[in-house]
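See below for model-v8.csv, which holds CSV, C-alpha atoms.
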chain,number,residue,atom,x,y,z
M,317,MET,CA,0.0,0.0,0.0
M,318,LYS,CA,2.9,2.4,0.8
M,319,GLU,CA,4.3,1.7,-2.7
M,320,LEU,CA,0.9,2.5,-4.3
M,321,GLN,CA,0.9,5.9,-2.5
M,322,LYS,CA,4.2,6.8,-4.0
M,323,THR,CA,3.0,6.3,-7.6
M,324,PRO,CA,1.3,9.3,-9.1
M,325,LEU,CA,-2.3,8.8,-10.0
M,326,ARG,CA,-2.7,8.4,-13.8
M,327,VAL,CA,-6.0,9.7,-15.2
M,328,LEU,CA,-7.2,9.8,-18.8
M,329,VAL,CA,-10.0,12.2,-19.6
M,330,LEU,CA,-11.6,11.4,-23.0
M,331,THR,CA,-13.7,14.0,-24.9
M,332,GLY,CA,-14.4,15.3,-28.4
M,333,ARG,CA,-15.2,18.5,-30.3
M,334,PHE,CA,-18.9,17.8,-30.9
M,335,GLY,CA,-19.7,21.2,-29.5
M,336,MET,CA,-17.1,22.7,-27.3
M,337,GLY,CA,-19.0,22.0,-24.1
M,338,HIS,CA,-17.6,18.5,-23.9
M,339,CYS,CA,-14.1,19.8,-24.1
M,340,ALA,CA,-14.8,22.5,-21.5
M,341,ALA,CA,-16.2,19.9,-19.1
M,342,ALA,CA,-13.1,17.8,-19.6
M,343,GLU,CA,-10.9,20.7,-18.7
M,344,ALA,CA,-13.0,21.4,-15.6
M,345,VAL,CA,-12.6,17.8,-14.4
M,346,ARG,CA,-8.9,18.0,-15.0
M,347,GLN,CA,-8.7,21.0,-12.8
M,348,GLU,CA,-10.8,19.2,-10.1
M,349,ILE,CA,-8.3,16.4,-10.0
M,350,LEU,CA,-5.2,18.5,-9.9
M,351,ASP,CA,-6.6,20.7,-7.2
M,352,ALA,CA,-6.9,17.6,-5.0
M,353,ARG,CA,-3.8,15.8,-6.3
M,354,PRO,CA,-1.2,18.2,-7.8
M,355,ASP,CA,1.1,15.3,-8.4
M,356,ALA,CA,-1.5,13.4,-10.5
M,357,CYS,CA,-0.8,12.8,-14.2
M,358,VAL,CA,-4.0,13.9,-16.0
M,359,ARG,CA,-4.2,13.7,-19.8
M,360,VAL,CA,-7.1,15.1,-21.8
M,361,VAL,CA,-7.5,13.4,-25.1
M,362,ASP,CA,-9.8,14.0,-28.1
M,363,VAL,CA,-11.1,10.5,-28.9
M,364,MET,CA,-11.5,11.2,-32.6
M,365,ASP,CA,-8.0,12.5,-33.0
M,366,GLU,CA,-6.6,9.6,-31.1
M,367,LEU,CA,-8.6,6.7,-32.6
M,368,PHE,CA,-9.3,8.0,-36.1
M,369,PRO,CA,-6.5,10.5,-36.8
M,370,ARG,CA,-7.0,10.4,-40.6
M,371,ALA,CA,-10.8,10.9,-40.5
M,372,ALA,CA,-11.2,13.2,-37.5
M,373,ALA,CA,-11.1,16.5,-39.4
M,374,ARG,CA,-13.8,15.2,-41.9
M,375,ILE,CA,-15.9,13.9,-39.0
M,376,TYR,CA,-15.9,17.3,-37.2
M,377,GLY,CA,-16.4,19.2,-40.4
M,378,ALA,CA,-19.5,17.1,-41.2
M,379,PHE,CA,-20.8,17.6,-37.7
M,380,GLY,CA,-20.5,21.4,-38.0
M,381,VAL,CA,-22.5,21.4,-41.3
M,382,LEU,CA,-25.1,19.1,-39.9
M,383,VAL,CA,-25.7,21.2,-36.8
M,384,ARG,CA,-25.8,24.6,-38.6
M,385,ARG,CA,-27.9,23.6,-41.6
M,386,PHE,CA,-29.7,20.3,-41.0
M,387,ALA,CA,-30.8,20.3,-37.3
M,388,GLY,CA,-33.8,18.1,-38.1
M,389,LEU,CA,-31.6,15.4,-39.6
M,390,TYR,CA,-29.2,15.7,-36.6
M,391,ASN,CA,-32.1,15.1,-34.2
M,392,LEU,CA,-33.2,12.0,-36.2
M,393,MET,CA,-29.7,10.6,-36.2
M,394,ASN,CA,-29.5,11.3,-32.5
M,395,ARG,CA,-32.7,9.4,-31.8
M,396,LEU,CA,-31.6,6.4,-34.0
M,397,ALA,CA,-28.2,6.3,-32.2
M,398,GLY,CA,-30.0,6.0,-28.9
M,399,LEU,CA,-31.9,2.9,-30.1
M,400,ARG,CA,-28.7,0.9,-30.4
M,401,PRO,CA,-26.0,2.5,-28.3
M,402,GLY,CA,-22.6,0.7,-28.4
M,403,ALA,CA,-19.3,0.9,-30.1
M,404,PRO,CA,-18.0,-2.4,-31.4
M,405,LEU,CA,-14.2,-2.4,-31.5
M,406,GLN,CA,-12.1,-3.5,-34.5
M,407,GLY,CA,-8.5,-4.6,-34.3
M,408,THR,CA,-6.9,-1.2,-35.1
M,409,VAL,CA,-9.0,0.6,-32.5
M,410,LEU,CA,-8.3,-2.0,-29.9
M,411,ARG,CA,-4.6,-1.7,-30.4
M,412,ARG,CA,-4.7,2.0,-30.1
M,413,LEU,CA,-6.7,1.7,-26.9
M,414,ASP,CA,-4.2,-0.8,-25.6
M,415,THR,CA,-1.5,1.8,-25.9
M,416,LEU,CA,-3.7,4.7,-24.6
M,417,LEU,CA,-4.8,2.7,-21.5
M,418,SER,CA,-1.7,0.7,-20.7
M,419,ASP,CA,-0.9,2.5,-17.4
M,420,ILE,CA,-4.1,4.3,-16.5
M,421,ASP,CA,-5.8,4.2,-13.1
M,422,LEU,CA,-9.0,6.0,-14.0
M,423,VAL,CA,-10.8,6.9,-17.2
M,424,VAL,CA,-13.2,9.9,-17.2
M,425,THR,CA,-15.4,10.6,-20.2
M,426,THR,CA,-17.5,13.7,-21.1
M,427,LEU,CA,-18.8,12.4,-24.4
M,428,PRO,CA,-21.2,9.4,-24.9
M,429,VAL,CA,-19.2,7.6,-27.6
M,430,CYS,CA,-16.1,7.7,-25.4
M,431,ALA,CA,-17.9,5.8,-22.6
M,432,GLN,CA,-19.1,3.3,-25.2
M,433,TYR,CA,-15.6,2.7,-26.5
M,434,ILE,CA,-14.1,2.2,-23.1
M,435,SER,CA,-17.0,0.0,-21.9
M,436,ALA,CA,-16.6,-2.2,-25.0
M,437,TYR,CA,-12.8,-2.3,-24.4
M,438,LYS,CA,-13.2,-3.4,-20.8
M,439,ARG,CA,-15.3,-6.3,-21.8
M,440,GLN,CA,-13.2,-7.4,-24.7
M,441,ARG,CA,-9.9,-7.1,-22.9
M,442,GLY,CA,-11.1,-8.1,-19.4
M,443,ARG,CA,-9.8,-4.9,-17.9
M,444,ASN,CA,-11.4,-3.6,-14.6
M,445,ILE,CA,-10.2,0.0,-15.0
M,446,PRO,CA,-12.7,2.4,-13.3
M,447,LEU,CA,-14.8,4.3,-15.9
M,448,TYR,CA,-16.6,7.5,-14.8
M,449,THR,CA,-19.0,9.4,-17.2
M,450,TYR,CA,-20.0,13.0,-16.9
M,451,VAL,CA,-23.4,13.6,-18.6
M,452,THR,CA,-23.1,17.1,-20.1
M,453,ASP,CA,-26.8,17.8,-20.6
M,454,VAL,CA,-29.7,17.8,-18.2
M,455,THR,CA,-31.7,15.3,-20.3
M,456,LEU,CA,-30.5,11.8,-20.6
M,457,HIS,CA,-30.2,10.3,-24.1
M,458,ASP,CA,-29.8,6.5,-24.2
M,459,GLU,CA,-26.4,7.0,-26.0
M,460,TRP,CA,-25.0,8.0,-22.6
M,461,LEU,CA,-25.6,4.6,-21.1
M,462,SER,CA,-22.8,2.0,-21.3
M,463,PRO,CA,-22.9,-1.2,-19.2
M,464,ASP,CA,-19.4,-1.0,-17.8
M,465,THR,CA,-19.6,2.6,-16.5
M,466,ASP,CA,-18.8,2.6,-12.8
M,467,ARG,CA,-20.2,6.0,-11.9
M,468,TYR,CA,-22.4,8.6,-13.7
M,469,PHE,CA,-22.1,12.3,-12.8
M,470,ALA,CA,-25.5,13.8,-13.5
M,471,ALA,CA,-26.2,17.5,-14.0
M,472,CYS,CA,-29.4,17.6,-11.9
M,473,ALA,CA,-32.1,15.6,-10.2
M,474,GLU,CA,-34.0,15.1,-13.4
M,475,ALA,CA,-31.0,13.4,-15.0
M,476,ARG,CA,-30.5,11.3,-11.9
M,477,ASP,CA,-34.1,10.1,-12.1
M,478,ALA,CA,-33.7,9.2,-15.7
M,479,LEU,CA,-30.7,7.1,-14.9
M,480,LEU,CA,-32.6,5.4,-12.1
M,481,ALA,CA,-35.5,4.7,-14.5
M,482,ARG,CA,-33.1,2.9,-16.8
M,483,GLY,CA,-31.8,0.6,-14.1
M,484,VAL,CA,-28.7,2.4,-12.9
M,485,PRO,CA,-28.2,1.8,-9.2
M,486,ALA,CA,-28.5,4.9,-7.0
M,487,GLU,CA,-25.1,4.3,-5.5
M,488,ARG,CA,-23.5,4.7,-8.9
M,489,ILE,CA,-25.0,8.2,-9.5
M,490,THR,CA,-23.7,11.6,-8.3
M,491,VAL,CA,-25.6,14.8,-8.9
M,492,CYS,CA,-23.0,17.6,-9.2
M,493,GLY,CA,-24.1,19.9,-12.0
M,494,ILE,CA,-22.1,20.0,-15.2
M,495,PRO,CA,-18.4,20.7,-14.2
M,496,VAL,CA,-17.1,24.1,-15.1
M,497,ARG,CA,-13.7,25.6,-14.8
M,498,ARG,CA,-12.8,27.1,-11.4
M,499,ALA,CA,-12.7,30.6,-13.0
M,500,PHE,CA,-16.5,30.5,-13.3
M,501,ARG,CA,-17.2,29.7,-9.7
M,502,ARG,CA,-17.1,33.3,-8.5
M,503,PRO,CA,-20.5,35.0,-8.9
M,504,ALA,CA,-20.8,38.6,-10.2
M,505,PRO,CA,-22.1,41.3,-7.9
M,506,PHE,CA,-25.7,42.3,-8.7
M,507,SER,CA,-26.1,45.4,-10.8
M,508,ARG,CA,-29.3,47.4,-11.2
M,509,ASP,CA,-27.9,49.0,-14.3
M,510,GLY,CA,-29.6,46.5,-16.6
M,511,ARG,CA,-27.8,47.6,-19.8
M,512,HIS,CA,-25.0,45.2,-20.5
M,513,VAL,CA,-25.9,42.2,-22.8
M,514,LEU,CA,-23.6,39.4,-23.7
M,515,LEU,CA,-24.5,37.6,-26.9
M,516,MET,CA,-23.0,34.1,-27.4
M,517,GLY,CA,-23.6,31.5,-30.1
M,518,GLY,CA,-21.8,28.5,-28.8
M,519,GLY,CA,-18.5,27.1,-30.1
M,520,LEU,CA,-19.7,27.5,-33.7
M,521,GLY,CA,-20.6,31.2,-33.2
M,522,MET,CA,-24.2,30.9,-34.5
M,523,ILE,CA,-26.0,34.2,-33.7
M,524,PRO,CA,-29.2,35.4,-35.5
M,525,ASP,CA,-28.4,38.3,-37.7
M,526,GLY,CA,-31.7,40.1,-37.1
M,527,LEU,CA,-31.2,40.1,-33.4
M,528,LEU,CA,-27.7,41.4,-33.7
M,529,ARG,CA,-28.8,44.3,-35.8
M,530,SER,CA,-31.8,45.1,-33.6
M,531,LEU,CA,-29.8,45.1,-30.3
M,532,SER,CA,-26.9,47.1,-31.9
M,533,ARG,CA,-29.3,49.9,-32.7
M,534,ARG,CA,-30.3,50.4,-29.1
M,535,PRO,CA,-28.1,53.2,-27.7
M,536,GLU,CA,-29.0,52.4,-24.1
M,537,LEU,CA,-27.5,49.0,-24.3
M,538,ARG,CA,-23.8,47.9,-24.1
M,539,LEU,CA,-23.5,44.8,-26.3
M,540,THR,CA,-20.7,42.3,-26.3
M,541,VAL,CA,-20.7,39.5,-28.8
M,542,ILE,CA,-18.5,36.4,-28.5
M,543,ALA,CA,-18.2,34.8,-32.0
M,544,GLY,CA,-16.2,31.8,-30.9
M,545,ARG,CA,-14.3,30.2,-33.7
M,546,ASN,CA,-16.5,31.8,-36.4
M,547,GLU,CA,-13.9,34.0,-38.0
M,548,ALA,CA,-16.2,35.2,-40.7
M,549,LEU,CA,-18.7,36.5,-38.1
M,550,LEU,CA,-15.9,38.1,-36.2
M,551,ARG,CA,-14.7,40.0,-39.2
M,552,ARG,CA,-18.2,41.1,-40.1
M,553,LEU,CA,-18.9,42.3,-36.5
M,554,ARG,CA,-15.7,44.5,-36.6
M,555,GLU,CA,-16.5,45.9,-40.0
M,556,GLN,CA,-20.2,46.5,-39.8
M,557,PHE,CA,-20.9,46.9,-36.1
M,558,PRO,CA,-18.0,49.1,-34.7
M,559,GLN,CA,-20.2,50.0,-31.7
M,560,VAL,CA,-20.3,46.4,-30.6
M,561,GLU,CA,-17.5,44.8,-28.5
M,562,ALA,CA,-16.6,41.8,-30.7
M,563,VAL,CA,-14.7,38.9,-29.3
M,564,GLY,CA,-13.4,35.8,-31.0
M,565,TYR,CA,-12.5,32.5,-29.3
M,566,THR,CA,-11.5,33.4,-25.7
M,567,ASP,CA,-10.6,31.6,-22.5
M,568,ARG,CA,-12.0,34.6,-20.5
M,569,VAL,CA,-15.7,33.8,-20.9
M,570,ASP,CA,-16.1,33.9,-17.2
M,571,GLU,CA,-15.1,37.6,-17.1
M,572,TYR,CA,-17.6,38.5,-19.8
M,573,LEU,CA,-20.4,36.6,-18.0
M,574,ARG,CA,-19.7,38.4,-14.7
M,575,ARG,CA,-19.7,41.8,-16.5
M,576,ALA,CA,-23.1,41.1,-18.2
M,577,ASP,CA,-26.6,41.8,-16.7
M,578,LEU,CA,-28.0,39.2,-19.1
M,579,VAL,CA,-26.5,36.5,-21.4
M,580,VAL,CA,-28.3,35.7,-24.7
M,581,THR,CA,-27.3,32.3,-25.9
M,582,LYS,CA,-28.0,28.8,-27.1
M,583,SER,CA,-29.0,26.4,-24.3
M,584,GLY,CA,-25.8,24.4,-24.4
M,585,GLY,CA,-25.3,22.3,-21.3
M,586,VAL,CA,-21.9,23.7,-20.2
M,587,THR,CA,-22.9,27.3,-21.1
M,588,THR,CA,-26.0,26.9,-18.9
M,589,PHE,CA,-24.0,25.8,-15.9
M,590,GLU,CA,-21.3,28.4,-16.4
M,591,ALA,CA,-24.1,31.0,-16.2
M,592,ILE,CA,-25.5,29.4,-13.1
M,593,HIS,CA,-22.1,29.6,-11.4
M,594,THR,CA,-21.6,33.3,-12.3
M,595,GLN,CA,-25.3,34.0,-11.6
M,596,THR,CA,-25.9,35.6,-14.9
M,597,PRO,CA,-29.6,35.4,-15.9
M,598,LEU,CA,-30.2,33.7,-19.3
M,599,TYR,CA,-32.3,34.5,-22.3
M,600,VAL,CA,-32.2,31.4,-24.5
M,601,LEU,CA,-32.6,31.6,-28.3
M,602,ARG,CA,-35.2,29.1,-29.6
M,603,PRO,CA,-33.5,25.7,-29.4
M,604,PHE,CA,-33.6,23.1,-32.2
M,605,LEU,CA,-31.3,20.3,-31.2
M,606,LEU,CA,-32.9,17.7,-28.9
M,607,GLN,CA,-30.5,18.1,-26.0
M,608,GLU,CA,-30.8,21.9,-26.1
M,609,VAL,CA,-34.6,21.7,-25.9
M,610,GLY,CA,-34.1,19.7,-22.7
M,611,ASN,CA,-31.7,22.3,-21.3
M,612,ALA,CA,-34.0,25.1,-22.2
M,613,GLN,CA,-36.9,23.4,-20.4
M,614,TYR,CA,-34.6,23.0,-17.3
M,615,ILE,CA,-33.8,26.7,-17.4
M,616,GLU,CA,-37.4,27.7,-17.7
M,617,SER,CA,-38.7,25.3,-15.0
M,618,ASN,CA,-36.1,26.4,-12.5
M,619,GLY,CA,-36.6,30.1,-13.2
M,620,LEU,CA,-33.0,30.7,-14.4
M,621,GLY,CA,-34.0,32.7,-17.5
M,622,TRP,CA,-36.5,33.0,-20.3
M,623,VAL,CA,-36.7,30.9,-23.4
M,624,GLY,CA,-37.7,32.4,-26.8
M,625,TRP,CA,-39.7,29.4,-27.9
M,626,HIS,CA,-41.7,31.3,-30.4
M,627,SER,CA,-40.1,34.7,-30.5
M,628,GLU,CA,-38.5,36.0,-33.8
M,629,GLY,CA,-37.3,39.3,-35.1
M,630,GLU,CA,-38.3,42.3,-33.1
M,631,ALA,CA,-40.1,40.1,-30.5
M,632,LEU,CA,-36.7,38.7,-29.4
M,633,THR,CA,-35.4,42.2,-28.7
M,634,ASN,CA,-38.6,43.1,-26.8
M,635,ASP,CA,-38.3,40.1,-24.6
M,636,ILE,CA,-34.7,41.0,-23.8
M,637,LEU,CA,-35.5,44.6,-23.1
M,638,ALA,CA,-38.4,43.5,-20.8
M,639,MET,CA,-36.0,41.4,-18.7
M,640,LEU,CA,-33.4,44.2,-18.5
M,641,ARG,CA,-36.0,46.6,-17.3
M,642,SER,CA,-37.0,44.4,-14.4
M,643,PRO,CA,-34.2,44.4,-11.7
M,644,ARG,CA,-36.6,42.4,-9.5
M,645,LEU,CA,-36.9,39.6,-12.1
M,646,LEU,CA,-33.1,39.4,-12.6
M,647,ALA,CA,-32.5,39.3,-8.9
M,648,GLN,CA,-34.9,36.4,-8.5
M,649,MET,CA,-33.2,34.5,-11.3
M,650,ARG,CA,-29.9,35.0,-9.5
M,651,ARG,CA,-31.5,33.6,-6.3
M,652,ASN,CA,-32.8,30.6,-8.2
M,653,MET,CA,-29.3,30.0,-9.6
M,654,ARG,CA,-27.9,29.9,-6.0
M,655,ALA,CA,-30.7,27.6,-5.0
M,656,VAL,CA,-30.1,24.9,-7.6
M,657,ARG,CA,-26.5,24.6,-6.6
M,658,ARG,CA,-27.3,23.8,-2.9
M,659,ASP,CA,-28.0,20.1,-3.6
M,660,TRP,CA,-25.0,19.4,-5.7
M,661,SER,CA,-22.3,17.0,-4.5
M,662,SER,CA,-18.6,17.3,-5.3
M,663,ALA,CA,-17.8,17.1,-9.0
M,664,SER,CA,-14.3,15.7,-8.3
M,665,PRO,CA,-14.0,12.1,-9.4
M,666,LEU,CA,-11.4,11.4,-6.8
M,667,VAL,CA,-14.0,11.7,-4.0
M,668,TYR,CA,-15.6,8.5,-5.3
M,669,LEU,CA,-12.5,6.6,-6.4
M,670,PRO,CA,-11.8,3.3,-4.5
M,671,MET,CA,-8.8,3.7,-2.2
M,672,GLU,CA,-6.9,0.9,-4.0
M,673,ALA,CA,-7.2,2.7,-7.3
M,674,GLY,CA,-6.4,6.2,-6.0
Mind turning this structure into C-alpha cells?
Amino acid sequence: MKELQKTPLRVLVLTGRFGMGHCAAAEAVRQEILDARPDACVRVVDVMDELFPRAAARIYGAFGVLVRRFAGLYNLMNRLAGLRPGAPLQGTVLRRLDTLLSDIDLVVTTLPVCAQYISAYKRQRGRNIPLYTYVTDVTLHDEWLSPDTDRYFAACAEARDALLARGVPAERITVCGIPVRRAFRRPAPFSRDGRHVLLMGGGLGMIPDGLLRSLSRRPELRLTVIAGRNEALLRRLREQFPQVEAVGYTDRVDEYLRRADLVVTKSGGVTTFEAIHTQTPLYVLRPFLLQEVGNAQYIESNGLGWVGWHSEGEALTNDILAMLRSPRLLAQMRRNMRAVRRDWSSASPLVYLPMEAG
C-alpha cells in the first residue's frame, strides 16, 4: 500500500469536439483532479483525433455542417443512435486503446461515444479499470448509457431520475451539476444598471443576424458578442458593427459573463451551468437540437431565465428589453441559480475513487 501511494495517480480524460462544451467539461474535471492531487498525471485526449486520426477532421467538419444547416436530420440521427448504443471495436482501434490505457488508473469521459468505446474495451480485454461518465446535458439520451460505466455524474435531479429509471443503481450516480472551470465559480455582484448584454452563439458562433442588428441599434445597451471560432462572423462584426464589442475565441468567458446583466445564448449544457455559477440570468434563443430543448426546459422550469420558444425578429429584442427593465426579475433569477447549486455534491472524481485505485 505504501508503494501505491508513491505512484502518481494516472487519469485519462476522454472528450471530443462535438460542440465545445464536452471539451470545456473535460478541462474542468482535469482542474478538479489537480486541485486535490497536484502530483497526478492527467491527460485530456480527443477521442476522434486519437482513434481515427485520418478521419477526425472530416468527421468534425461534417458535424458542423449538420448542426448549422440540418438540425432536423441531426435530431433524427441522435434518436436512432440512442436505439442501439454501443461501439464495437475493431483490431486497429483495440490496439490504439491498448496503448492509450496501458498504465491508466481511471478513465473519465465527457462524451457518450467515449464511454461506449471504453466500456466495450473493458469487456473485450477483461480490464477492470474504473470508468466515470459526466453527462453534459440535463436530459439523458440513451447513448450516454454503457454497461461498464462505474459511476455517472448527473447534472441535476432530473438526469439522476432518468438514470434510475433505466436501471442504474442509485449508489452509482452523483448529482453535481455539469463541471465548469474554477474561474466560473465566483458570482458577479448584482447590478441594477440593466444595460450590458452578452451575446453568445456557442462554439460555432451561431448568432441570429436580425437580433444582432436590432440590439446594436439600441443606444441604451452595451453589447458584447462572442463569436467563438466563427472567423467570418468576427470580421463582419468588426467591419459592420463598430459600436459592438466583438470577441473571437477566448478563455475569458467567465469575465464576460460576470460583466453582463443578461446573457443571450443557445442552451448548451456547459454554457447553462457556467451562467449558473456566475449567476448571470439567461435569455435562451429558440432551441432546435434535442439536448438543447431539454436544457431550455430546465432553465425555464427552475426560473433561471426566459426561453424564446416562439419569438422571432423584433419580438426577441422586446423580450430581452423586458428582462433588463426588471431588476426584481433578474435578482430572482440569481437567487434561483444559487438555490439549484445547494443540492450538488462534489464534481471531483477522486472523491468516489476506491482507495486501492487512488
| Selected residue, from M:Arg534, M:Arg353, M:Arg552, M:Arg650, that lies nearest to Thr633 in chain M when counting all atoms listed in the file | M:Arg534
| query | Can you tell me, as a VMD selection string, what residues are no more than 10 Å from Tyr614 in chain M when counting only C-alpha atoms, ignoring any on the same chain fewer than 5 positions away? | reply | chain M and resid 453 to 455 472 474 583 588 608 to 609 619 to 621
| task | For a cut-off of 7 Å around (-21.7, 6.1, -13.8), file coordinates, pick out all residues using all atoms listed in the file and list them as a count of residues only. | result | 9
| remark: Atom pair CA of Ser661 in chain M + CA of Tyr450 in chain M, distance 13.2 Å
| request: Quick one: residues within 10 Å of (-34.7, 29.6, -12.8) (file frame), counting all atoms listed in the file, please, as a PyMOL selection string. | output: chain M and resi 592+597-598+614-622+646+648-656
| query | Could you pull the residues within 12 Å of Ile375 in chain M, counting only C-alpha atoms, minus those fewer than 6 positions along the same chain, as a PyMOL selection string? | reply | chain M and resi 332-334+363-365+368-369+381-382
| field | All residues 8 Å or closer to Trp660 in chain M, all atoms listed in the file, same chain fewer than 6 positions away omitted, as an NGL selection string | value | :M and (472 or 491-493)
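Distances to Ser462 in chain M were evaluated for M:Ser435, M:Ser662, M:Ser530, M:Asn444 using only C-alpha atoms, and the minimum falls at M:Ser435.
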| request: State, in Å with one decimal place, the distance from CA of Ala486 in chain M to CA of Ala471 in chain M. | output: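 Computing the Euclidean distance for CA of Ala486 in chain M and CA of Ala471 in chain M yields 14.6 Å.
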| note | Here CA of Val563 in chain M and CA of Ala543 in chain M stand apart by 6.0 Å
| message | Let me make sure I understand: among M:Ser627, M:Asn634, M:Gln595, M:Thr331, which one has the smallest atom-to-atom distance to Pro505 in chain M if we use only C-alpha atoms? | response |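 Using only C-alpha atoms, Pro505 in chain M sits closest to M:Gln595.
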Find the residues near Leu666 in chain M: any atom within 9 Å, counting only C-alpha atoms, skip ones fewer than 2 places away on the same chain, and give them as a PDB file with C-alpha atoms, keeping the file's coordinate frame.
ATOM      1  CA  GLU M 348     -10.800  19.200 -10.100  1.00  0.00           C
ATOM      2  CA  ILE M 349      -8.300  16.400 -10.000  1.00  0.00           C
ATOM      3  CA  ALA M 352      -6.900  17.600  -5.000  1.00  0.00           C
ATOM      4  CA  ARG M 353      -3.800  15.800  -6.300  1.00  0.00           C
ATOM      5  CA  ALA M 663     -17.800  17.100  -9.000  1.00  0.00           C
ATOM      6  CA  SER M 664     -14.300  15.700  -8.300  1.00  0.00           C
ATOM      7  CA  TYR M 668     -15.600   8.500  -5.300  1.00  0.00           C
ATOM      8  CA  LEU M 669     -12.500   6.600  -6.400  1.00  0.00           C
ATOM      9  CA  PRO M 670     -11.800   3.300  -4.500  1.00  0.00           C
ATOM     10  CA  GLY M 674      -6.400   6.200  -6.000  1.00  0.00           C
TER      11      GLY M 674
END
